[in-house]
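The structure file run.pdb is reproduced below (PDB, N, CA, C and O atoms and all ligand atoms).
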```pdb
ATOM      1  N   MET P   1       0.848  -1.205   0.000
ATOM      2  CA  MET P   1       0.000   0.000   0.000
ATOM      3  C   MET P   1       0.878   1.247   0.000
ATOM      4  O   MET P   1       1.850   1.325   0.744
ATOM      5  N   ILE P   2       0.485   2.178  -0.840
ATOM      6  CA  ILE P   2       1.287   3.408  -0.945
ATOM      7  C   ILE P   2       0.892   4.403   0.135
ATOM      8  O   ILE P   2      -0.284   4.629   0.385
ATOM      9  N   GLN P   3       1.877   4.956   0.768
ATOM     10  CA  GLN P   3       1.622   5.965   1.785
ATOM     11  C   GLN P   3       1.360   7.314   1.121
ATOM     12  O   GLN P   3       2.106   7.736   0.240
ATOM     13  N   LYS P   4       0.285   7.962   1.551
ATOM     14  CA  LYS P   4      -0.049   9.257   0.971
ATOM     15  C   LYS P   4       0.911  10.333   1.456
ATOM     16  O   LYS P   4       1.177  10.435   2.644
ATOM     17  N   LYS P   5       1.443  11.086   0.518
ATOM     18  CA  LYS P   5       2.340  12.187   0.868
ATOM     19  C   LYS P   5       1.669  13.500   0.516
ATOM     20  O   LYS P   5       1.308  13.726  -0.639
ATOM     21  N   GLU P   6       1.501  14.328   1.497
ATOM     22  CA  GLU P   6       0.863  15.626   1.266
ATOM     23  C   GLU P   6       1.840  16.576   0.579
ATOM     24  O   GLU P   6       3.050  16.477   0.763
ATOM     25  N   PHE P   7       1.290  17.499  -0.184
ATOM     26  CA  PHE P   7       2.120  18.524  -0.804
ATOM     27  C   PHE P   7       2.477  19.584   0.235
ATOM     28  O   PHE P   7       1.670  19.877   1.127
ATOM     29  N   SER P   8       3.657  20.150   0.129
ATOM     30  CA  SER P   8       4.037  21.193   1.082
ATOM     31  C   SER P   8       3.285  22.484   0.759
ATOM     32  O   SER P   8       2.844  22.709  -0.372
ATOM     33  N   ASN P   9       3.129  23.309   1.763
ATOM     34  CA  ASN P   9       2.409  24.565   1.562
ATOM     35  C   ASN P   9       3.106  25.466   0.545
ATOM     36  O   ASN P   9       2.452  26.185  -0.200
ATOM     37  N   ILE P  10       4.427  25.365   0.501
ATOM     38  CA  ILE P  10       5.167  26.185  -0.468
ATOM     39  C   ILE P  10       4.805  25.762  -1.886
ATOM     40  O   ILE P  10       4.532  26.594  -2.745
ATOM     41  N   HIS P  11       4.788  24.434  -2.130
ATOM     42  CA  HIS P  11       4.406  23.940  -3.451
ATOM     43  C   HIS P  11       3.000  24.406  -3.813
ATOM     44  O   HIS P  11       2.742  24.807  -4.934
ATOM     45  N   LYS P  12       2.094  24.313  -2.851
ATOM     46  CA  LYS P  12       0.718  24.719  -3.111
ATOM     47  C   LYS P  12       0.652  26.184  -3.525
ATOM     48  O   LYS P  12      -0.046  26.545  -4.473
ATOM     49  N   GLN P  13       1.383  27.022  -2.818
ATOM     50  CA  GLN P  13       1.365  28.450  -3.134
ATOM     51  C   GLN P  13       1.961  28.718  -4.517
ATOM     52  O   GLN P  13       1.437  29.528  -5.277
ATOM     53  N   VAL P  14       3.061  28.007  -4.828
ATOM     54  CA  VAL P  14       3.723  28.207  -6.114
ATOM     55  C   VAL P  14       2.798  27.807  -7.266
ATOM     56  O   VAL P  14       2.628  28.544  -8.234
ATOM     57  N   ILE P  15       2.171  26.628  -7.142
ATOM     58  CA  ILE P  15       1.304  26.150  -8.225
ATOM     59  C   ILE P  15       0.045  27.020  -8.333
ATOM     60  O   ILE P  15      -0.416  27.337  -9.432
ATOM     61  N   LEU P  16      -0.495  27.417  -7.166
ATOM     62  CA  LEU P  16      -1.658  28.308  -7.194
ATOM     63  C   LEU P  16      -1.346  29.558  -7.986
ATOM     64  O   LEU P  16      -2.124  30.007  -8.831
ATOM     65  N   SER P  17      -0.206  30.120  -7.719
ATOM     66  CA  SER P  17       0.179  31.349  -8.400
ATOM     67  C   SER P  17       0.485  31.078  -9.877
ATOM     68  O   SER P  17       0.135  31.869 -10.749
ATOM     69  N   ASN P  18       1.088  29.913 -10.185
ATOM     70  CA  ASN P  18       1.326  29.527 -11.589
ATOM     71  C   ASN P  18       0.010  29.419 -12.349
ATOM     72  O   ASN P  18      -0.068  29.768 -13.523
ATOM     73  N   GLN P  19      -1.002  28.869 -11.682
ATOM     74  CA  GLN P  19      -2.303  28.693 -12.338
ATOM     75  C   GLN P  19      -3.158  29.954 -12.221
ATOM     76  O   GLN P  19      -4.340  29.945 -12.584
ATOM     77  N   LYS P  20      -2.553  31.027 -11.715
ATOM     78  CA  LYS P  20      -3.251  32.296 -11.565
ATOM     79  C   LYS P  20      -4.533  32.150 -10.743
ATOM     80  O   LYS P  20      -5.552  32.780 -11.029
ATOM     81  N   HIS P  21      -4.450  31.271  -9.743
ATOM     82  CA  HIS P  21      -5.583  31.033  -8.826
ATOM     83  C   HIS P  21      -6.851  30.613  -9.564
ATOM     84  O   HIS P  21      -7.955  31.012  -9.220
ATOM     85  N   LYS P  22      -6.643  29.817 -10.618
ATOM     86  CA  LYS P  22      -7.774  29.300 -11.382
ATOM     87  C   LYS P  22      -7.689  27.788 -11.475
ATOM     88  O   LYS P  22      -6.597  27.222 -11.430
ATOM     89  N   CYS P  23      -8.849  27.152 -11.667
ATOM     90  CA  CYS P  23      -8.907  25.706 -11.861
ATOM     91  C   CYS P  23      -8.150  25.332 -13.136
ATOM     92  O   CYS P  23      -8.291  25.986 -14.162
ATOM     93  N   LYS P  24      -7.357  24.251 -13.027
ATOM     94  CA  LYS P  24      -6.551  23.863 -14.173
ATOM     95  C   LYS P  24      -7.410  23.373 -15.334
ATOM     96  O   LYS P  24      -7.038  23.492 -16.495
ATOM     97  N   LYS P  25      -8.553  22.772 -15.034
ATOM     98  CA  LYS P  25      -9.402  22.208 -16.088
ATOM     99  C   LYS P  25     -10.349  23.233 -16.705
ATOM    100  O   LYS P  25     -10.369  23.434 -17.900
ATOM    101  N   CYS P  26     -11.180  23.859 -15.862
ATOM    102  CA  CYS P  26     -12.245  24.701 -16.414
ATOM    103  C   CYS P  26     -11.914  26.195 -16.334
ATOM    104  O   CYS P  26     -12.621  27.007 -16.919
ATOM    105  N   GLY P  27     -10.846  26.539 -15.599
ATOM    106  CA  GLY P  27     -10.437  27.933 -15.542
ATOM    107  C   GLY P  27     -11.240  28.786 -14.567
ATOM    108  O   GLY P  27     -11.092  30.018 -14.558
ATOM    109  N   MET P  28     -12.063  28.141 -13.753
ATOM    110  CA  MET P  28     -12.839  28.917 -12.784
ATOM    111  C   MET P  28     -11.940  29.459 -11.681
ATOM    112  O   MET P  28     -11.058  28.767 -11.190
ATOM    113  N   LYS P  29     -12.182  30.711 -11.340
ATOM    114  CA  LYS P  29     -11.324  31.357 -10.356
ATOM    115  C   LYS P  29     -11.693  30.887  -8.941
ATOM    116  O   LYS P  29     -12.868  30.701  -8.631
ATOM    117  N   PHE P  30     -10.670  30.672  -8.121
ATOM    118  CA  PHE P  30     -10.922  30.246  -6.749
ATOM    119  C   PHE P  30     -11.297  31.429  -5.871
ATOM    120  O   PHE P  30     -10.792  32.530  -6.036
ATOM    121  N   ASN P  31     -12.213  31.174  -4.948
ATOM    122  CA  ASN P  31     -12.577  32.177  -3.948
ATOM    123  C   ASN P  31     -13.149  31.438  -2.743
ATOM    124  O   ASN P  31     -13.077  30.219  -2.671
ATOM    125  N   VAL P  32     -13.741  32.177  -1.812
ATOM    126  CA  VAL P  32     -14.232  31.524  -0.594
ATOM    127  C   VAL P  32     -15.330  30.504  -0.874
ATOM    128  O   VAL P  32     -15.507  29.546  -0.125
ATOM    129  N   ALA P  33     -16.058  30.699  -1.975
ATOM    130  CA  ALA P  33     -17.137  29.775  -2.313
ATOM    131  C   ALA P  33     -16.659  28.662  -3.238
ATOM    132  O   ALA P  33     -17.349  27.682  -3.461
ATOM    133  N   ASN P  34     -15.487  28.825  -3.775
ATOM    134  CA  ASN P  34     -14.929  27.850  -4.714
ATOM    135  C   ASN P  34     -13.486  27.569  -4.304
ATOM    136  O   ASN P  34     -12.547  28.109  -4.872
ATOM    137  N   LEU P  35     -13.328  26.743  -3.276
ATOM    138  CA  LEU P  35     -12.001  26.507  -2.728
ATOM    139  C   LEU P  35     -11.182  25.575  -3.614
ATOM    140  O   LEU P  35     -11.727  24.653  -4.223
ATOM    141  N   PRO P  36      -9.871  25.826  -3.690
ATOM    142  CA  PRO P  36      -9.017  24.973  -4.503
ATOM    143  C   PRO P  36      -8.885  23.567  -3.909
ATOM    144  O   PRO P  36      -8.797  23.409  -2.695
ATOM    145  N   ASN P  37      -8.888  22.566  -4.770
ATOM    146  CA  ASN P  37      -8.671  21.184  -4.369
ATOM    147  C   ASN P  37      -7.330  20.712  -4.915
ATOM    148  O   ASN P  37      -7.114  20.730  -6.116
ATOM    149  N   PHE P  38      -6.484  20.269  -4.011
ATOM    150  CA  PHE P  38      -5.141  19.866  -4.416
ATOM    151  C   PHE P  38      -5.148  18.377  -4.759
ATOM    152  O   PHE P  38      -5.498  17.538  -3.932
ATOM    153  N   GLY P  39      -4.777  18.074  -6.010
ATOM    154  CA  GLY P  39      -4.825  16.684  -6.449
ATOM    155  C   GLY P  39      -3.496  16.232  -7.030
ATOM    156  O   GLY P  39      -2.579  17.023  -7.243
ATOM    157  N   TYR P  40      -3.434  14.923  -7.290
ATOM    158  CA  TYR P  40      -2.226  14.318  -7.819
ATOM    159  C   TYR P  40      -2.413  14.094  -9.318
ATOM    160  O   TYR P  40      -3.268  13.297  -9.727
ATOM    161  N   ALA P  41      -1.617  14.799 -10.125
ATOM    162  CA  ALA P  41      -1.801  14.769 -11.570
ATOM    163  C   ALA P  41      -1.698  13.352 -12.123
ATOM    164  O   ALA P  41      -2.453  12.971 -13.014
ATOM    165  N   ASP P  42      -0.780  12.534 -11.621
ATOM    166  CA  ASP P  42      -0.622  11.179 -12.157
ATOM    167  C   ASP P  42      -1.395  10.146 -11.339
ATOM    168  O   ASP P  42      -1.303   8.953 -11.580
ATOM    169  N   GLY P  43      -2.162  10.636 -10.362
ATOM    170  CA  GLY P  43      -2.983   9.728  -9.579
ATOM    171  C   GLY P  43      -2.219   8.955  -8.514
ATOM    172  O   GLY P  43      -2.780   8.161  -7.779
ATOM    173  N   ASN P  44      -0.928   9.190  -8.428
ATOM    174  CA  ASN P  44      -0.086   8.488  -7.448
ATOM    175  C   ASN P  44       0.023   9.321  -6.172
ATOM    176  O   ASN P  44       0.740  10.313  -6.128
ATOM    177  N   ILE P  45      -0.670   8.897  -5.127
ATOM    178  CA  ILE P  45      -0.707   9.684  -3.892
ATOM    179  C   ILE P  45       0.615   9.642  -3.127
ATOM    180  O   ILE P  45       0.789  10.337  -2.145
ATOM    181  N   GLY P  46       1.545   8.808  -3.610
ATOM    182  CA  GLY P  46       2.857   8.758  -2.958
ATOM    183  C   GLY P  46       3.843   9.708  -3.610
ATOM    184  O   GLY P  46       4.984   9.842  -3.170
ATOM    185  N   ASN P  47       3.404  10.365  -4.685
ATOM    186  CA  ASN P  47       4.283  11.268  -5.430
ATOM    187  C   ASN P  47       3.887  12.717  -5.143
ATOM    188  O   ASN P  47       2.959  13.249  -5.734
ATOM    189  N   ASN P  48       4.609  13.341  -4.230
ATOM    190  CA  ASN P  48       4.249  14.712  -3.860
ATOM    191  C   ASN P  48       5.230  15.736  -4.415
ATOM    192  O   ASN P  48       5.457  16.779  -3.821
ATOM    193  N   THR P  49       5.817  15.409  -5.584
ATOM    194  CA  THR P  49       6.690  16.384  -6.214
ATOM    195  C   THR P  49       5.847  17.527  -6.792
ATOM    196  O   THR P  49       4.669  17.358  -7.090
ATOM    197  N   LYS P  50       6.511  18.663  -6.949
ATOM    198  CA  LYS P  50       5.809  19.863  -7.401
ATOM    199  C   LYS P  50       5.095  19.658  -8.728
ATOM    200  O   LYS P  50       3.979  20.117  -8.932
ATOM    201  N   THR P  51       5.715  18.911  -9.633
ATOM    202  CA  THR P  51       5.132  18.720 -10.961
ATOM    203  C   THR P  51       3.903  17.809 -10.920
ATOM    204  O   THR P  51       3.141  17.748 -11.883
ATOM    205  N   ASN P  52       3.722  17.101  -9.824
ATOM    206  CA  ASN P  52       2.568  16.200  -9.737
ATOM    207  C   ASN P  52       1.374  16.859  -9.052
ATOM    208  O   ASN P  52       0.348  16.236  -8.849
ATOM    209  N   LEU P  53       1.541  18.120  -8.715
ATOM    210  CA  LEU P  53       0.449  18.819  -8.039
ATOM    211  C   LEU P  53      -0.425  19.545  -9.054
ATOM    212  O   LEU P  53       0.059  20.328  -9.869
ATOM    213  N   GLN P  54      -1.707  19.266  -9.042
ATOM    214  CA  GLN P  54      -2.621  20.012  -9.900
ATOM    215  C   GLN P  54      -3.776  20.505  -9.041
ATOM    216  O   GLN P  54      -4.243  19.813  -8.145
ATOM    217  N   ILE P  55      -4.205  21.702  -9.319
ATOM    218  CA  ILE P  55      -5.239  22.308  -8.500
ATOM    219  C   ILE P  55      -6.508  22.488  -9.317
ATOM    220  O   ILE P  55      -6.494  23.096 -10.388
ATOM    221  N   LEU P  56      -7.577  21.888  -8.816
ATOM    222  CA  LEU P  56      -8.851  21.913  -9.517
ATOM    223  C   LEU P  56      -9.930  22.482  -8.608
ATOM    224  O   LEU P  56      -9.793  22.470  -7.392
ATOM    225  N   CYS P  57     -11.026  22.923  -9.223
ATOM    226  CA  CYS P  57     -12.182  23.316  -8.443
ATOM    227  C   CYS P  57     -12.890  22.053  -7.952
ATOM    228  O   CYS P  57     -12.563  20.948  -8.376
ATOM    229  N   LEU P  58     -13.842  22.206  -7.076
ATOM    230  CA  LEU P  58     -14.516  21.052  -6.484
ATOM    231  C   LEU P  58     -15.164  20.171  -7.547
ATOM    232  O   LEU P  58     -15.043  18.954  -7.530
ATOM    233  N   GLU P  59     -15.853  20.813  -8.507
ATOM    234  CA  GLU P  59     -16.552  20.066  -9.544
ATOM    235  C   GLU P  59     -15.593  19.223 -10.375
ATOM    236  O   GLU P  59     -15.835  18.048 -10.619
ATOM    237  N   CYS P  60     -14.497  19.830 -10.805
ATOM    238  CA  CYS P  60     -13.544  19.106 -11.648
ATOM    239  C   CYS P  60     -12.837  18.009 -10.859
ATOM    240  O   CYS P  60     -12.535  16.955 -11.410
ATOM    241  N   SER P  61     -12.587  18.231  -9.579
ATOM    242  CA  SER P  61     -11.921  17.185  -8.812
ATOM    243  C   SER P  61     -12.869  16.014  -8.581
ATOM    244  O   SER P  61     -12.452  14.873  -8.487
ATOM    245  N   LYS P  62     -14.177  16.274  -8.541
ATOM    246  CA  LYS P  62     -15.168  15.198  -8.428
ATOM    247  C   LYS P  62     -15.158  14.349  -9.680
ATOM    248  O   LYS P  62     -15.177  13.132  -9.632
ATOM    249  N   ILE P  63     -15.128  15.018 -10.846
ATOM    250  CA  ILE P  63     -15.135  14.323 -12.127
ATOM    251  C   ILE P  63     -13.924  13.416 -12.235
ATOM    252  O   ILE P  63     -14.003  12.281 -12.658
ATOM    253  N   GLY P  64     -12.782  13.934 -11.776
ATOM    254  CA  GLY P  64     -11.542  13.162 -11.858
ATOM    255  C   GLY P  64     -11.586  11.919 -10.991
ATOM    256  O   GLY P  64     -10.879  10.949 -11.264
ATOM    257  N   LYS P  65     -12.377  11.964  -9.933
ATOM    258  CA  LYS P  65     -12.384  10.834  -8.991
ATOM    259  C   LYS P  65     -13.434   9.775  -9.281
ATOM    260  O   LYS P  65     -13.547   8.807  -8.561
ATOM    261  N   LYS P  66     -14.192   9.980 -10.334
ATOM    262  CA  LYS P  66     -15.237   9.023 -10.752
ATOM    263  C   LYS P  66     -15.133   7.624 -10.160
ATOM    264  O   LYS P  66     -14.318   6.817 -10.576
ATOM    265  N   GLN P  67     -15.977   7.294  -9.227
ATOM    266  CA  GLN P  67     -16.010   5.926  -8.709
ATOM    267  C   GLN P  67     -17.321   5.656  -8.030
ATOM    268  O   GLN P  67     -17.744   6.496  -7.278
TER
HETATM  269 ZN    ZN O 101     -12.831  23.274 -12.607
END
```

Structure rendered as structure tokens:
Amino acid sequence: MIQKKEFSNIHKQVILSNQKHKCKKCGMKFNVANLPNFGYADGNIGNNTKTNLQILCLECSKIGKKQ
């Protein structure tokens, strides 16, 4: 079983700013009513490198998790 590794707050801030505080998929801007969801781009929860961090809105992160 793979141990989940959380992304560091610095990585989160860097990627948020790279994405201009918008959802990577639909481009919706984050705010208090639309909080950013931090996800793993390759689906590997043990990979917490900066390049594996993708930030989506709630709706898009739900779609990605289809189960
Ligand atoms: Zn979205």

Distance limit 8 Å, reference ligand ZN 101 (chain O), atoms considered: only C-alpha atoms and all ligand atoms. Which residues make the cut? Give them as an NGL selection string. :P and (22-28 or 56-61)

Given the file shown, enumerate the residues that the PyMOL selection byres (((chain P and resi 36-48) around 5) and not hetatm) captures and present them as number ranges by chain. P: 3-5, 7, 34-35, 49-50, 52-57

If DSSP is run on the backbone, what residues of region 18-60 of chain P are strand (DSSP E)? A reply as a PDB file with N, CA, C and O atoms, in the coordinates of the input would be ideal.
```pdb
ATOM      1  N   ASN P  37      -8.888  22.566  -4.770  1.00  0.00           N
ATOM      2  CA  ASN P  37      -8.671  21.184  -4.369  1.00  0.00           C
ATOM      3  C   ASN P  37      -7.330  20.712  -4.915  1.00  0.00           C
ATOM      4  O   ASN P  37      -7.114  20.730  -6.116  1.00  0.00           O
ATOM      5  N   PHE P  38      -6.484  20.269  -4.011  1.00  0.00           N
ATOM      6  CA  PHE P  38      -5.141  19.866  -4.416  1.00  0.00           C
ATOM      7  C   PHE P  38      -5.148  18.377  -4.759  1.00  0.00           C
ATOM      8  O   PHE P  38      -5.498  17.538  -3.932  1.00  0.00           O
ATOM      9  N   GLY P  39      -4.777  18.074  -6.010  1.00  0.00           N
ATOM     10  CA  GLY P  39      -4.825  16.684  -6.449  1.00  0.00           C
ATOM     11  C   GLY P  39      -3.496  16.232  -7.030  1.00  0.00           C
ATOM     12  O   GLY P  39      -2.579  17.023  -7.243  1.00  0.00           O
ATOM     13  N   TYR P  40      -3.434  14.923  -7.290  1.00  0.00           N
ATOM     14  CA  TYR P  40      -2.226  14.318  -7.819  1.00  0.00           C
ATOM     15  C   TYR P  40      -2.413  14.094  -9.318  1.00  0.00           C
ATOM     16  O   TYR P  40      -3.268  13.297  -9.727  1.00  0.00           O
ATOM     17  N   LEU P  53       1.541  18.120  -8.715  1.00  0.00           N
ATOM     18  CA  LEU P  53       0.449  18.819  -8.039  1.00  0.00           C
ATOM     19  C   LEU P  53      -0.425  19.545  -9.054  1.00  0.00           C
ATOM     20  O   LEU P  53       0.059  20.328  -9.869  1.00  0.00           O
ATOM     21  N   GLN P  54      -1.707  19.266  -9.042  1.00  0.00           N
ATOM     22  CA  GLN P  54      -2.621  20.012  -9.900  1.00  0.00           C
ATOM     23  C   GLN P  54      -3.776  20.505  -9.041  1.00  0.00           C
ATOM     24  O   GLN P  54      -4.243  19.813  -8.145  1.00  0.00           O
ATOM     25  N   ILE P  55      -4.205  21.702  -9.319  1.00  0.00           N
ATOM     26  CA  ILE P  55      -5.239  22.308  -8.500  1.00  0.00           C
ATOM     27  C   ILE P  55      -6.508  22.488  -9.317  1.00  0.00           C
ATOM     28  O   ILE P  55      -6.494  23.096 -10.388  1.00  0.00           O
ATOM     29  N   LEU P  56      -7.577  21.888  -8.816  1.00  0.00           N
ATOM     30  CA  LEU P  56      -8.851  21.913  -9.517  1.00  0.00           C
ATOM     31  C   LEU P  56      -9.930  22.482  -8.608  1.00  0.00           C
ATOM     32  O   LEU P  56      -9.793  22.470  -7.392  1.00  0.00           O
TER      33      LEU P  56
END
```

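A straight line drawn from atom O of His21 (chain P) to atom C of Ile2 (chain P) is 29.6 Å long.
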
- prompt: Between CA of Phe30 (chain P) and CA of Val14 (chain P), what is the distance, to one decimal in Å?
  reply: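 Going from CA of Phe30 (chain P) over to CA of Val14 (chain P) covers 14.8 Å.
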
Atom C of Ile15 (chain P) to atom C of Thr51 (chain P) measures 10.3 Å

- [ ] Using DSSP on the backbone, list every residue of chain P that comes out as helix (DSSP H, G or I), and give them as number ranges by chain.
- [x] P: 9-18, 50-52, 58-64

Centre and edge lengths of an axis-aligned box around all listed atoms of region 37-53 of chain P, with 4 Å added on each side, are to be given in Å to one decimal, as AutoDock Vina command-line options.
```
--center_x -1.1 --center_y 15.4 --center_z -7.6 --size_x 23.6 --size_y 22.4 --size_z 18.9
```

Since the input is missing atoms, can you rebuild all heavy atoms for region 45-55 of chain P and write them as a CSV table (one decimal), keeping the file's coordinate frame?
```csv
chain,number,residue,atom,x,y,z
P,45,ILE,N,-0.7,8.9,-5.1
P,45,ILE,CA,-0.7,9.7,-3.9
P,45,ILE,C,0.6,9.6,-3.1
P,45,ILE,O,0.8,10.3,-2.1
P,45,ILE,CB,-1.8,9.2,-3.0
P,45,ILE,CG1,-1.7,7.7,-2.6
P,45,ILE,CG2,-3.2,9.5,-3.6
P,45,ILE,CD1,-2.6,7.3,-1.5
P,46,GLY,N,1.5,8.8,-3.6
P,46,GLY,CA,2.9,8.8,-3.0
P,46,GLY,C,3.8,9.7,-3.6
P,46,GLY,O,5.0,9.8,-3.2
P,47,ASN,N,3.4,10.4,-4.7
P,47,ASN,CA,4.3,11.3,-5.4
P,47,ASN,C,3.9,12.7,-5.1
P,47,ASN,O,3.0,13.2,-5.7
P,47,ASN,CB,4.2,11.0,-6.9
P,47,ASN,CG,5.0,11.9,-7.8
P,47,ASN,OD1,5.8,12.7,-7.3
P,47,ASN,ND2,4.9,11.7,-9.1
P,48,ASN,N,4.6,13.3,-4.2
P,48,ASN,CA,4.2,14.7,-3.9
P,48,ASN,C,5.2,15.7,-4.4
P,48,ASN,O,5.5,16.8,-3.8
P,48,ASN,CB,4.1,14.8,-2.3
P,48,ASN,CG,5.4,14.7,-1.6
P,48,ASN,OD1,6.4,14.2,-2.2
P,48,ASN,ND2,5.5,15.1,-0.4
P,49,THR,N,5.8,15.4,-5.6
P,49,THR,CA,6.7,16.4,-6.2
P,49,THR,C,5.8,17.5,-6.8
P,49,THR,O,4.7,17.4,-7.1
P,49,THR,CB,7.5,15.8,-7.4
P,49,THR,OG1,6.6,15.1,-8.3
P,49,THR,CG2,8.5,14.7,-6.8
P,50,LYS,N,6.5,18.7,-6.9
P,50,LYS,CA,5.8,19.9,-7.4
P,50,LYS,C,5.1,19.7,-8.7
P,50,LYS,O,4.0,20.1,-8.9
P,50,LYS,CB,6.8,21.0,-7.5
P,50,LYS,CG,6.2,22.4,-7.6
P,50,LYS,CD,7.2,23.5,-7.3
P,50,LYS,CE,8.2,23.6,-8.4
P,50,LYS,NZ,9.2,24.6,-8.1
P,51,THR,N,5.7,18.9,-9.6
P,51,THR,CA,5.1,18.7,-11.0
P,51,THR,C,3.9,17.8,-10.9
P,51,THR,O,3.1,17.7,-11.9
P,51,THR,CB,6.2,18.1,-11.9
P,51,THR,OG1,6.7,17.0,-11.3
P,51,THR,CG2,7.2,19.1,-12.3
P,52,ASN,N,3.7,17.1,-9.8
P,52,ASN,CA,2.6,16.2,-9.7
P,52,ASN,C,1.4,16.9,-9.1
P,52,ASN,O,0.3,16.2,-8.8
P,52,ASN,CB,3.0,14.9,-9.0
P,52,ASN,CG,1.9,13.8,-9.2
P,52,ASN,OD1,1.4,13.7,-10.2
P,52,ASN,ND2,1.7,13.0,-8.1
P,53,LEU,N,1.5,18.1,-8.7
P,53,LEU,CA,0.4,18.8,-8.0
P,53,LEU,C,-0.4,19.5,-9.1
P,53,LEU,O,0.1,20.3,-9.9
P,53,LEU,CB,1.0,19.8,-7.0
P,53,LEU,CG,0.0,20.8,-6.4
P,53,LEU,CD1,-1.0,20.1,-5.6
P,53,LEU,CD2,0.8,21.7,-5.4
P,54,GLN,N,-1.7,19.3,-9.0
P,54,GLN,CA,-2.6,20.0,-9.9
P,54,GLN,C,-3.8,20.5,-9.0
P,54,GLN,O,-4.2,19.8,-8.1
P,54,GLN,CB,-3.1,19.2,-11.1
P,54,GLN,CG,-4.0,18.0,-10.7
P,54,GLN,CD,-4.6,17.4,-11.9
P,54,GLN,OE1,-4.3,17.7,-13.1
P,54,GLN,NE2,-5.5,16.4,-11.7
P,55,ILE,N,-4.2,21.7,-9.3
P,55,ILE,CA,-5.2,22.3,-8.5
P,55,ILE,C,-6.5,22.5,-9.3
P,55,ILE,O,-6.5,23.1,-10.4
P,55,ILE,CB,-4.8,23.7,-7.9
P,55,ILE,CG1,-3.4,23.5,-7.3
P,55,ILE,CG2,-5.8,24.2,-6.9
P,55,ILE,CD1,-2.7,24.7,-6.8
```
